[in-house]
$ cat data-v2.txt   # compact mmCIF, C-alpha atoms
# COMPACT_ATOMS: atom_id res chain seq x y z
CA MET A 1 0.00 0.00 0.00
CA SER A 2 1.28 3.45 -0.92
CA HIS A 3 0.10 6.81 0.40
CA ARG A 4 1.13 10.36 -0.37
CA ILE A 5 1.76 12.39 2.78
CA ALA A 6 2.21 16.15 2.89
CA VAL A 7 4.57 17.06 5.75
CA ILE A 8 4.52 20.54 7.29
CA PRO A 9 7.06 20.59 10.16
CA GLY A 10 6.18 24.21 10.94
CA ASP A 11 7.89 26.11 13.74
CA GLY A 12 9.97 25.54 16.86
CA ILE A 13 10.01 21.97 18.09
CA GLY A 14 7.70 21.01 15.23
CA THR A 15 10.71 20.37 13.01
CA GLU A 16 12.32 18.19 15.70
CA VAL A 17 9.33 16.01 16.54
CA ILE A 18 8.39 15.53 12.90
CA SER A 19 11.91 14.40 12.03
CA ALA A 20 11.76 11.85 14.86
CA THR A 21 8.28 10.75 13.86
CA ARG A 22 9.25 10.16 10.25
CA THR A 23 12.08 7.90 11.40
CA VAL A 24 9.71 5.84 13.53
CA LEU A 25 7.01 5.85 10.82
CA ASP A 26 9.49 4.49 8.29
CA ALA A 27 10.34 1.64 10.63
CA VAL A 28 6.79 0.57 11.38
CA CYS A 29 5.74 0.95 7.74
CA LYS A 30 8.62 -1.26 6.61
CA ARG A 31 7.40 -3.95 9.04
CA HIS A 32 3.90 -3.76 7.58
CA ALA A 33 4.81 -3.31 3.90
CA ILE A 34 3.32 0.19 3.76
CA GLU A 35 4.90 2.85 1.57
CA LEU A 36 4.62 6.50 2.54
CA ASP A 37 5.74 9.02 -0.06
CA TYR A 38 6.51 12.32 1.69
CA ASP A 39 6.61 15.83 0.31
CA GLU A 40 7.79 18.43 2.82
CA TYR A 41 6.69 22.08 2.83
CA ASP A 42 8.31 24.94 4.74
CA TRP A 43 5.01 26.67 5.55
CA SER A 44 5.57 28.38 8.87
CA CYS A 45 5.96 31.63 10.78
CA GLU A 46 9.50 31.82 9.46
CA ARG A 47 8.05 31.80 5.95
CA TYR A 48 5.54 34.47 7.00
CA LEU A 49 8.31 36.75 8.24
CA ARG A 50 10.18 36.20 4.99
CA THR A 51 7.33 36.43 2.48
CA GLY A 52 4.29 37.84 4.29
CA ALA A 53 2.28 34.61 4.01
CA MET A 54 2.17 31.39 6.04
CA MET A 55 1.68 29.38 2.86
CA PRO A 56 1.57 30.23 -0.85
CA ALA A 57 -1.64 31.43 -2.47
CA ASP A 58 -2.18 28.02 -4.07
CA GLY A 59 -1.34 26.11 -0.88
CA LEU A 60 -4.71 24.43 -0.56
CA ASP A 61 -4.58 23.26 -4.16
CA VAL A 62 -1.11 21.84 -3.49
CA LEU A 63 -2.40 19.84 -0.50
CA ARG A 64 -5.64 18.63 -2.04
CA PRO A 65 -4.29 15.49 -3.82
CA TYR A 66 -2.58 14.05 -0.74
CA ASP A 67 -3.90 11.17 1.34
CA ALA A 68 -3.04 12.88 4.62
CA ILE A 69 -1.20 15.84 6.12
CA LEU A 70 1.30 15.51 8.99
CA LEU A 71 1.86 18.78 10.83
CA GLY A 72 4.44 19.59 13.51
CA ALA A 73 3.51 22.87 15.17
CA VAL A 74 2.76 26.47 14.25
CA GLY A 75 3.64 29.62 16.15
CA ALA A 76 6.63 31.85 16.84
CA PRO A 77 7.47 34.98 18.83
CA GLY A 78 6.87 38.06 16.74
CA VAL A 79 3.97 36.56 14.78
CA PRO A 80 0.53 37.01 16.43
CA ASP A 81 -1.30 33.73 16.95
CA HIS A 82 -4.29 34.83 14.91
CA ILE A 83 -1.93 35.37 11.96
CA SER A 84 -0.32 31.94 12.20
CA LEU A 85 -3.56 30.05 12.82
CA TRP A 86 -5.76 31.84 10.29
CA GLY A 87 -2.94 31.76 7.76
CA LEU A 88 -2.46 28.00 7.80
CA LEU A 89 -4.31 25.70 10.20
CA ILE A 90 -7.82 27.07 10.01
CA PRO A 91 -7.92 27.45 6.21
CA ILE A 92 -6.80 23.82 5.88
CA ARG A 93 -9.40 22.59 8.36
CA ARG A 94 -12.21 24.46 6.68
CA ALA A 95 -11.31 24.01 3.01
CA PHE A 96 -10.95 20.26 3.54
CA ARG A 97 -14.08 19.99 5.72
CA GLN A 98 -12.14 18.50 8.63
CA TYR A 99 -15.12 18.94 10.90
CA VAL A 100 -13.97 16.42 13.51
CA ASN A 101 -11.08 17.23 15.80
CA LEU A 102 -10.36 13.94 17.54
CA ARG A 103 -8.28 13.98 20.72
CA PRO A 104 -7.75 10.72 22.62
CA VAL A 105 -6.80 10.96 26.30
CA ARG A 106 -5.09 8.19 28.29
CA VAL A 107 -3.10 7.90 31.47
CA PHE A 108 -0.26 5.52 30.59
CA ASP A 109 1.72 3.25 32.92
CA GLY A 110 4.77 5.18 34.03
CA VAL A 111 3.18 8.61 33.65
CA ASP A 112 2.25 10.38 36.85
CA SER A 113 -0.87 12.48 36.53
CA PRO A 114 -1.03 15.63 38.66
CA VAL A 115 -4.57 14.51 39.47
CA ARG A 116 -4.68 12.05 42.37
CA GLY A 117 -7.52 9.95 40.98
CA ALA A 118 -6.24 9.72 37.38
CA LEU A 119 -4.79 6.22 37.23
CA PRO A 120 -3.40 4.13 34.36
CA GLY A 121 -6.02 1.81 32.92
CA GLU A 122 -8.85 3.89 34.35
CA VAL A 123 -8.61 7.13 32.36
CA ASP A 124 -9.22 6.43 28.67
CA PHE A 125 -11.58 8.72 26.80
CA VAL A 126 -11.86 10.78 23.62
CA VAL A 127 -12.80 14.41 23.11
CA VAL A 128 -14.70 14.94 19.86
CA ARG A 129 -14.46 18.64 19.05
CA GLU A 130 -16.51 20.34 16.34
CA ASN A 131 -13.75 21.82 14.21
CA VAL A 132 -15.06 24.21 11.55
CA GLU A 133 -17.84 26.41 12.96
CA GLY A 134 -19.17 27.33 16.40
CA GLU A 135 -17.42 30.05 18.31
CA TYR A 136 -14.47 30.23 15.88
CA SER A 137 -16.38 31.87 13.06
CA GLU A 138 -15.28 34.68 10.78
CA VAL A 139 -18.50 36.61 11.36
CA GLY A 140 -17.95 39.88 13.20
CA GLY A 141 -15.64 42.82 13.09
CA ARG A 142 -14.05 45.84 14.75
CA LEU A 143 -15.45 49.34 14.86
CA GLY A 144 -13.94 52.64 15.96
CA ARG A 145 -10.36 51.41 16.12
CA GLY A 146 -8.21 53.59 18.33
CA HIS A 147 -11.09 55.53 19.84
CA PRO A 148 -12.49 55.25 23.38
CA GLU A 149 -15.70 53.72 22.06
CA GLU A 150 -13.85 51.03 20.07
CA MET A 151 -15.74 47.76 19.96
CA ALA A 152 -15.37 44.21 18.69
CA VAL A 153 -18.16 41.81 17.75
CA GLN A 154 -17.61 38.08 17.34
CA GLU A 155 -20.52 35.89 16.28
CA ALA A 156 -20.79 32.19 17.06
CA VAL A 157 -22.29 30.21 14.18
CA PHE A 158 -24.01 26.86 14.80
CA THR A 159 -25.77 25.07 11.96
CA ARG A 160 -28.10 22.08 12.14
CA ALA A 161 -25.90 20.24 9.67
CA GLY A 162 -22.75 21.02 11.65
CA VAL A 163 -24.10 19.98 15.05
CA SER A 164 -25.82 16.90 13.62
CA ARG A 165 -22.74 15.50 11.94
CA ILE A 166 -20.44 15.99 14.96
CA ALA A 167 -23.04 14.44 17.25
CA ASP A 168 -23.47 11.48 14.88
CA TYR A 169 -19.70 10.97 14.81
CA ALA A 170 -19.54 10.98 18.61
CA PHE A 171 -22.39 8.50 19.01
CA GLU A 172 -21.00 6.20 16.34
CA LEU A 173 -17.57 6.33 18.00
CA ALA A 174 -19.12 5.49 21.38
CA ARG A 175 -20.64 2.36 19.86
CA THR A 176 -17.08 1.09 19.24
CA ARG A 177 -15.98 1.95 22.78
CA ARG A 178 -17.89 1.81 26.09
CA GLY A 179 -21.16 3.20 24.79
CA HIS A 180 -21.40 6.53 26.60
CA VAL A 181 -21.42 10.14 25.33
CA THR A 182 -21.18 13.34 27.36
CA SER A 183 -22.27 16.53 25.58
CA ALA A 184 -20.72 19.82 26.72
CA THR A 185 -23.11 22.77 26.90
CA LYS A 186 -23.74 26.09 28.62
CA SER A 187 -27.42 26.48 27.89
CA ASN A 188 -28.12 28.06 31.27
CA GLY A 189 -26.10 31.14 30.28
CA ILE A 190 -25.81 31.23 26.48
CA VAL A 191 -29.36 31.76 25.38
CA HIS A 192 -29.44 30.88 21.67
CA THR A 193 -26.59 28.68 20.43
CA MET A 194 -26.31 26.31 23.37
CA PRO A 195 -30.03 25.46 23.65
CA PHE A 196 -29.89 24.84 19.88
CA TRP A 197 -26.86 22.57 20.36
CA ASP A 198 -28.71 20.66 23.10
CA GLU A 199 -31.83 20.21 20.97
CA VAL A 200 -29.93 18.89 17.97
CA VAL A 201 -27.76 16.55 20.05
CA ALA A 202 -30.90 15.15 21.70
CA GLU A 203 -32.49 14.62 18.28
CA ARG A 204 -29.44 12.73 17.03
CA ALA A 205 -29.20 10.70 20.25
CA ALA A 206 -32.62 9.23 19.51
CA ALA A 207 -31.06 7.39 16.55
CA PHE A 208 -28.61 5.65 18.90
CA PRO A 209 -30.78 4.00 21.59
CA ASP A 210 -27.92 1.64 22.48
CA VAL A 211 -25.67 4.54 23.53
CA ARG A 212 -26.12 6.19 26.94
CA TRP A 213 -25.66 9.94 27.03
CA ARG A 214 -25.95 12.98 29.21
CA SER A 215 -25.52 16.73 28.88
CA GLU A 216 -23.18 18.63 31.22
CA HIS A 217 -22.60 22.36 31.65
CA ILE A 218 -19.04 23.20 30.65
CA ASP A 219 -18.01 24.59 34.04
CA ALA A 220 -19.18 21.51 35.93
CA LEU A 221 -17.74 19.28 33.22
CA ALA A 222 -14.30 20.87 33.53
CA ALA A 223 -14.40 20.22 37.27
CA LYS A 224 -15.36 16.56 36.67
CA PHE A 225 -12.43 16.14 34.27
CA VAL A 226 -10.27 16.75 37.33
CA LEU A 227 -12.39 15.08 40.01
CA GLN A 228 -13.75 12.09 38.05
CA PRO A 229 -11.56 11.63 34.95
CA GLY A 230 -12.25 7.91 34.79
CA SER A 231 -15.98 8.42 34.31
CA PHE A 232 -15.80 9.59 30.68
CA ASP A 233 -15.88 7.68 27.40
CA VAL A 234 -16.68 10.06 24.51
CA VAL A 235 -17.07 13.79 25.10
CA VAL A 236 -18.59 15.87 22.29
CA ALA A 237 -18.23 19.63 22.34
CA SER A 238 -18.35 22.79 20.28
CA ASN A 239 -15.21 24.30 18.81
CA LEU A 240 -14.30 26.49 21.79
CA PHE A 241 -15.42 24.12 24.52
CA GLY A 242 -13.69 21.18 22.84
CA ASP A 243 -10.47 23.14 22.45
CA ILE A 244 -10.33 24.01 26.15
CA LEU A 245 -11.50 20.62 27.42
CA SER A 246 -9.01 18.66 25.34
CA ASP A 247 -6.04 20.68 26.62
CA LEU A 248 -7.29 20.27 30.19
CA ALA A 249 -7.63 16.55 29.58
CA ALA A 250 -4.06 16.35 28.26
CA ALA A 251 -2.80 17.96 31.47
CA VAL A 252 -4.85 15.52 33.54
CA ALA A 253 -3.22 12.69 31.58
CA GLY A 254 0.22 13.87 32.68
CA SER A 255 1.65 16.01 29.87
CA ILE A 256 0.51 17.91 26.84
CA GLY A 257 3.74 16.64 25.26
CA ILE A 258 2.18 13.24 24.51
CA ALA A 259 -1.24 14.55 23.39
CA PRO A 260 -2.18 13.80 19.75
CA SER A 261 -4.96 15.04 17.51
CA GLY A 262 -6.57 14.31 14.19
CA ASN A 263 -8.44 16.83 12.05
CA LEU A 264 -10.72 14.49 10.17
CA ASP A 265 -12.91 14.61 7.11
CA PRO A 266 -14.94 11.45 7.85
CA THR A 267 -16.22 11.40 4.25
CA ARG A 268 -12.60 11.06 3.05
CA SER A 269 -13.31 13.47 0.21
CA TYR A 270 -10.31 15.53 1.32
CA PRO A 271 -7.06 14.80 3.15
CA SER A 272 -7.22 14.71 6.93
CA MET A 273 -4.51 16.36 9.03
CA PHE A 274 -2.71 14.98 12.08
CA GLU A 275 -0.76 17.05 14.60
CA PRO A 276 0.47 16.96 18.20
CA VAL A 277 -1.29 19.36 20.55
CA HIS A 278 1.77 20.79 22.28
CA GLY A 279 2.54 23.77 20.03
CA SER A 280 5.90 25.09 18.90
CA ALA A 281 7.44 25.56 22.41
CA PRO A 282 10.00 28.22 21.41
CA ASP A 283 11.56 28.07 24.90
CA ILE A 284 13.00 24.60 24.22
CA ALA A 285 13.28 24.70 20.42
CA GLY A 286 16.65 23.64 19.09
CA LYS A 287 17.74 21.98 22.34
CA GLY A 288 16.86 18.43 21.30
CA VAL A 289 14.76 17.78 24.40
CA ALA A 290 11.23 17.91 22.95
CA ASN A 291 8.94 14.96 23.59
CA PRO A 292 8.20 13.34 20.21
CA LEU A 293 5.39 11.09 21.50
CA GLY A 294 2.57 13.54 20.74
CA ALA A 295 3.64 13.56 17.10
CA VAL A 296 4.21 9.79 17.07
CA TRP A 297 0.75 9.13 18.51
CA SER A 298 -0.70 11.52 15.91
CA ALA A 299 1.11 9.51 13.23
CA ALA A 300 -0.45 6.34 14.65
CA MET A 301 -3.86 7.99 14.28
CA MET A 302 -2.93 8.81 10.69
CA LEU A 303 -2.05 5.19 9.95
CA ASP A 304 -5.31 4.03 11.48
CA HIS A 305 -7.24 6.56 9.39
CA LEU A 306 -5.47 5.30 6.26
CA GLY A 307 -6.62 1.76 7.01
CA HIS A 308 -3.54 0.34 8.75
CA ALA A 309 -4.78 -0.47 12.25
CA PRO A 310 -2.12 -3.14 13.01
CA ALA A 311 0.69 -0.69 12.23
CA ALA A 312 -1.00 1.97 14.34
CA GLN A 313 -1.33 -0.49 17.22
CA ASP A 314 2.37 -1.34 16.97
CA LEU A 315 3.27 2.34 17.26
CA VAL A 316 1.08 2.84 20.31
CA ALA A 317 2.50 -0.34 21.89
CA ALA A 318 6.02 1.01 21.37
CA MET A 319 4.94 4.26 23.04
CA GLU A 320 3.52 2.35 25.99
CA ALA A 321 6.77 0.44 26.41
CA THR A 322 8.96 3.54 26.38
CA LEU A 323 6.71 5.33 28.87
CA ARG A 324 6.99 2.44 31.32
CA GLU A 325 10.78 2.90 31.47
CA PRO A 326 12.10 5.88 33.46
CA GLY A 327 15.18 6.14 31.25
CA THR A 328 13.12 6.86 28.13
CA ARG A 329 10.89 9.61 29.50
CA THR A 330 11.51 13.23 28.57
CA ARG A 331 11.68 16.16 30.99
CA ASP A 332 8.00 17.03 30.74
CA LEU A 333 7.34 13.55 32.18
CA GLY A 334 9.88 13.89 34.97
CA GLY A 335 12.64 12.07 33.10
CA THR A 336 15.96 13.04 31.55
CA ALA A 337 15.77 11.51 28.07
CA ASP A 338 16.16 13.72 25.02
CA THR A 339 14.33 13.50 21.70
CA ARG A 340 16.93 11.19 20.17
CA ALA A 341 16.89 8.77 23.10
CA VAL A 342 13.11 8.41 22.89
CA THR A 343 13.33 7.87 19.13
CA VAL A 344 15.96 5.15 19.54
CA ALA A 345 13.86 3.51 22.26
CA LEU A 346 10.80 3.47 19.99
CA LEU A 347 12.83 1.87 17.22
CA ASP A 348 14.14 -0.76 19.65
CA ARG A 349 10.60 -1.56 20.81
CA LEU A 350 9.43 -1.95 17.23
CA GLY A 351 12.17 -4.55 16.76
CA PRO A 352 13.83 -5.80 13.60
CA VAL A 353 11.91 -6.12 10.37
CA SER A 354 11.07 -9.77 9.64
$ encode --input "data-v2.txt" --output "structure tokens"
Amino acid sequence: MSHRIAVIPGDGIGTEVISATRTVLDAVCKRHAIELDYDEYDWSCERYLRTGAMMPADGLDVLRPYDAILLGAVGAPGVPDHISLWGLLIPIRRAFRQYVNLRPVRVFDGVDSPVRGALPGEVDFVVVRENVEGEYSEVGGRLGRGHPEEMAVQEAVFTRAGVSRIADYAFELARTRRGHVTSATKSNGIVHTMPFWDEVVAERAAAFPDVRWRSEHIDALAAKFVLQPGSFDVVVASNLFGDILSDLAAAVAGSIGIAPSGNLDPTRSYPSMFEPVHGSAPDIAGKGVANPLGAVWSAAMMLDHLGHAPAAQDLVAAMEATLREPGTRTRDLGGTADTRAVTVALLDRLGPVS
């Protein structure tokens, strides 16, 4: 099997973790007779500072023929976040209808959670974030710039189609797991969009009588992520709520450095994009100490999406093995290993090619 993969290492530690991930990907793909043909693009904040654009004008057309996109990280000092995100990530997500942002959360053996009750084998859930509408819309504007009465208006946009399809994805995913969905809302304070979200989710739930579900207000839900992290299976949330909850969940799991994500077009009409959650981390960039496991786990999600579940499982198993050993944990996990040592350990766990 052969797949074309667009690689965008991006900024900061993105280049380091993607280099490590490609090495590990090559090893596991060789074991499973999978061929990945990579094309690498320098689309980044560095490119923005040089050319005035995060990616070329025809960037989306360049990416369209690929089977998947592997992204490192985006962001750099001197480039506002809204420039870097709206110049690269968000256009890709929206043009390619990647309406599911999938973020698995696990506490692994060997990883100490800062949360007392978050134990290995007990915390294993998925945040399903709506990824293309909701609170992160382009509707709104600024008025009276520079004057005392200056104002900004930002409109949240929720459509029946958008809420229905993310709810359906969450319920279908729950059927393959433990059969429970939690829907994040704030309908007691947000008077239009959140009651609409609740109504549509309830409508879609009726089509899945075998799946248990409940609705939770976002503030109480965030508290339960900390107090009862083992009680969740699939959590479905709007763009903003899902963004915040998934980062909180990564911290509960022990480190954002191992957190993966997939930006998915479930119809497979367009390429899906896979990226670690940790960001570009300019404070440690270039030091060779970044944790590559978030990118490696994202690559495992990519393999699974491309139809190679056994290869994906091998990658995750190699991750589990390295995390159990103190000598192969990076600093964010309380260890001393550098990026290269973790990469070598992953290759050792994958073993020789038969």
$ closest_residue --input "data-v2.txt" --among "A:Arg103, A:Lys287, A:Arg175, A:Arg165" --to "Phe208 in chain A" --atoms "all atoms listed in the file"
A:Arg175
$ closest_atom_pairs --input "data-v2.txt" --of "range 72-124 of chain A" --to "range 252-274 of chain A" --cutoff "10 Å" --atoms "only C-alpha atoms" --output "Markdown table"
| residue | atom | partner | partner_atom | distance |
| --- | --- | --- | --- | --- |
| A:Gly72 | CA | A:Phe274 | CA | 8.6 |
| A:Leu89 | CA | A:Met273 | CA | 9.4 |
| A:Ile92 | CA | A:Met273 | CA | 8.4 |
| A:Arg93 | CA | A:Asn263 | CA | 6.9 |
| A:Arg94 | CA | A:Asp265 | CA | 9.9 |
| A:Ala95 | CA | A:Tyr270 | CA | 8.7 |
| A:Phe96 | CA | A:Tyr270 | CA | 5.3 |
| A:Arg97 | CA | A:Asp265 | CA | 5.7 |
| A:Gln98 | CA | A:Asp265 | CA | 4.2 |
| A:Tyr99 | CA | A:Asp265 | CA | 6.2 |
| A:Val100 | CA | A:Leu264 | CA | 5.0 |
| A:Asn101 | CA | A:Asn263 | CA | 4.6 |
| A:Leu102 | CA | A:Gly262 | CA | 5.1 |
| A:Arg103 | CA | A:Ser261 | CA | 4.7 |
| A:Pro104 | CA | A:Pro260 | CA | 7.0 |
| A:Val105 | CA | A:Ala253 | CA | 6.6 |
| A:Arg106 | CA | A:Ala253 | CA | 5.9 |
| A:Val107 | CA | A:Ala253 | CA | 4.8 |
| A:Phe108 | CA | A:Ala253 | CA | 7.8 |
| A:Gly110 | CA | A:Gly254 | CA | 9.9 |
| A:Val111 | CA | A:Gly254 | CA | 6.1 |
| A:Asp112 | CA | A:Gly254 | CA | 5.8 |
| A:Ser113 | CA | A:Gly254 | CA | 4.2 |
| A:Pro114 | CA | A:Gly254 | CA | 6.4 |
| A:Val115 | CA | A:Val252 | CA | 6.0 |
| A:Arg116 | CA | A:Val252 | CA | 9.5 |
| A:Gly117 | CA | A:Val252 | CA | 9.7 |
| A:Ala118 | CA | A:Val252 | CA | 7.1 |
| A:Leu119 | CA | A:Ala253 | CA | 8.7 |
| A:Pro120 | CA | A:Ala253 | CA | 9.0 |
| A:Val123 | CA | A:Ala253 | CA | 7.8 |
| A:Asp124 | CA | A:Ala253 | CA | 9.1 |
$ residues_around --input "data-v2.txt" --residues "range 127-141 of chain A" --least-positions-apart "2" --cutoff "7 Å" --atoms "all atoms listed in the file" --output "JSON, numbers by chain"
{"A": [93, 94, 98, 99, 100, 101, 102, 103, 104, 125, 143, 152, 153, 154, 155, 156, 157, 158, 166, 170, 234, 235, 236, 237, 238, 239, 240, 242, 243, 246]}
$ write_last_selection --input "data-v2.txt" --atoms "C-alpha atoms" --output "short mmCIF file (atom, residue, chain, number, x, y, z; two decimals), keeping the file's coordinate frame"
data_model
loop_
_atom_site.label_atom_id
_atom_site.label_comp_id
_atom_site.auth_asym_id
_atom_site.auth_seq_id
_atom_site.Cartn_x
_atom_site.Cartn_y
_atom_site.Cartn_z
CA ARG A 93 -9.40 22.59 8.36
CA ARG A 94 -12.21 24.46 6.68
CA GLN A 98 -12.14 18.50 8.63
CA TYR A 99 -15.12 18.94 10.90
CA VAL A 100 -13.97 16.42 13.51
CA ASN A 101 -11.08 17.23 15.80
CA LEU A 102 -10.36 13.94 17.54
CA ARG A 103 -8.28 13.98 20.72
CA PRO A 104 -7.75 10.72 22.62
CA PHE A 125 -11.58 8.72 26.80
CA LEU A 143 -15.45 49.34 14.86
CA ALA A 152 -15.37 44.21 18.69
CA VAL A 153 -18.16 41.81 17.75
CA GLN A 154 -17.61 38.08 17.34
CA GLU A 155 -20.52 35.89 16.28
CA ALA A 156 -20.79 32.19 17.06
CA VAL A 157 -22.29 30.21 14.18
CA PHE A 158 -24.01 26.86 14.80
CA ILE A 166 -20.44 15.99 14.96
CA ALA A 170 -19.54 10.98 18.61
CA VAL A 234 -16.68 10.06 24.51
CA VAL A 235 -17.07 13.79 25.10
CA VAL A 236 -18.59 15.87 22.29
CA ALA A 237 -18.23 19.63 22.34
CA SER A 238 -18.35 22.79 20.28
CA ASN A 239 -15.21 24.30 18.81
CA LEU A 240 -14.30 26.49 21.79
CA GLY A 242 -13.69 21.18 22.84
CA ASP A 243 -10.47 23.14 22.45
CA SER A 246 -9.01 18.66 25.34
#
$ atom_distance --input "data-v2.txt" --atom1 "CA of Ala312 in chain A" --atom2 "CA of Ser298 in chain A"
9.7 Å
$ closest_residue --input "data-v2.txt" --among "A:Ile90, A:Leu293, A:Leu85, A:Val211" --to "Gly179 in chain A" --atoms "all atoms listed in the file"
A:Val211
$ closest_residue --input "data-v2.txt" --among "A:Cys45, A:Leu315, A:Ala6, A:Ile13" --to "Leu60 in chain A" --atoms "all atoms listed in the file"
A:Ala6
$ residues_around --input "data-v2.txt" --residues "Ala207 in chain A" --least-positions-apart "6" --cutoff "12 Å" --atoms "only C-alpha atoms" --output "list in words"
Ser164, Ala167, Asp168, Phe171, Glu172, Val200 and Val201 of chain A
$ atom_distance --input "data-v2.txt" --atom1 "CA of Ala311 in chain A" --atom2 "CA of Leu25 in chain A"
9.2 Å
$ atom_distance --input "data-v2.txt" --atom1 "CA of Pro65 in chain A" --atom2 "CA of Tyr41 in chain A"
14.4 Å
$ closest_residue --input "data-v2.txt" --among "A:Val342, A:Leu173, A:Leu303, A:Ala205" --to "Glu35 in chain A" --atoms "only C-alpha atoms"
A:Leu303
$ residues_around --input "data-v2.txt" --residues "Asp109 in chain A" --least-positions-apart "4" --cutoff "8 Å" --atoms "all atoms listed in the file" --output "list of chain:residue names"
A:Pro120, A:Gly121, A:Glu320, A:Leu323, A:Arg324
$ residues_around --input "data-v2.txt" --residues "Ala299 in chain A" --least-positions-apart "2" --cutoff "12 Å" --atoms "only C-alpha atoms" --output "ChimeraX atom specification"
/A:5,7,17-26,28-29,36,68-72,258-262,272-276,292-297,301-306,308-309,311-316,319
$ residues_near_point --input "data-v2.txt" --point "(2.0, -1.8, 2.9)" --cutoff "7 Å" --atoms "all atoms listed in the file" --output "JSON, numbers by chain"
{"A": [1, 2, 29, 32, 33, 34, 35]}
$ residues_around --input "data-v2.txt" --residues "Ala27 in chain A" --least-positions-apart "4" --cutoff "8 Å" --atoms "only C-alpha atoms" --output "VMD selection string"
chain A and resid 23 31 347 350 353
$ closest_residue --input "data-v2.txt" --among "A:Leu245, A:Ile83, A:Val277, A:Val62" --to "Tyr48 in chain A" --atoms "all atoms listed in the file"
A:Ile83
$ decode --input "data-v2.txt" --residues "range 93-119 of chain A" --atoms "C-alpha atoms" --output "PDB file, in the first residue's frame"
ATOM      1  CA  ARG A  93      -9.398  22.587   8.360  1.00  0.00           C
ATOM      2  CA  ARG A  94     -12.205  24.458   6.676  1.00  0.00           C
ATOM      3  CA  ALA A  95     -11.310  24.012   3.014  1.00  0.00           C
ATOM      4  CA  PHE A  96     -10.953  20.263   3.542  1.00  0.00           C
ATOM      5  CA  ARG A  97     -14.079  19.993   5.715  1.00  0.00           C
ATOM      6  CA  GLN A  98     -12.143  18.502   8.629  1.00  0.00           C
ATOM      7  CA  TYR A  99     -15.118  18.939  10.898  1.00  0.00           C
ATOM      8  CA  VAL A 100     -13.972  16.425  13.511  1.00  0.00           C
ATOM      9  CA  ASN A 101     -11.078  17.233  15.799  1.00  0.00           C
ATOM     10  CA  LEU A 102     -10.363  13.945  17.536  1.00  0.00           C
ATOM     11  CA  ARG A 103      -8.275  13.977  20.717  1.00  0.00           C
ATOM     12  CA  PRO A 104      -7.748  10.717  22.620  1.00  0.00           C
ATOM     13  CA  VAL A 105      -6.803  10.963  26.301  1.00  0.00           C
ATOM     14  CA  ARG A 106      -5.094   8.192  28.293  1.00  0.00           C
ATOM     15  CA  VAL A 107      -3.097   7.900  31.469  1.00  0.00           C
ATOM     16  CA  PHE A 108      -0.257   5.520  30.594  1.00  0.00           C
ATOM     17  CA  ASP A 109       1.717   3.248  32.923  1.00  0.00           C
ATOM     18  CA  GLY A 110       4.774   5.185  34.029  1.00  0.00           C
ATOM     19  CA  VAL A 111       3.177   8.610  33.648  1.00  0.00           C
ATOM     20  CA  ASP A 112       2.245  10.375  36.850  1.00  0.00           C
ATOM     21  CA  SER A 113      -0.866  12.483  36.528  1.00  0.00           C
ATOM     22  CA  PRO A 114      -1.025  15.635  38.659  1.00  0.00           C
ATOM     23  CA  VAL A 115      -4.566  14.513  39.475  1.00  0.00           C
ATOM     24  CA  ARG A 116      -4.676  12.047  42.369  1.00  0.00           C
ATOM     25  CA  GLY A 117      -7.516   9.951  40.977  1.00  0.00           C
ATOM     26  CA  ALA A 118      -6.235   9.718  37.381  1.00  0.00           C
ATOM     27  CA  LEU A 119      -4.788   6.218  37.226  1.00  0.00           C
TER      28      LEU A 119
END
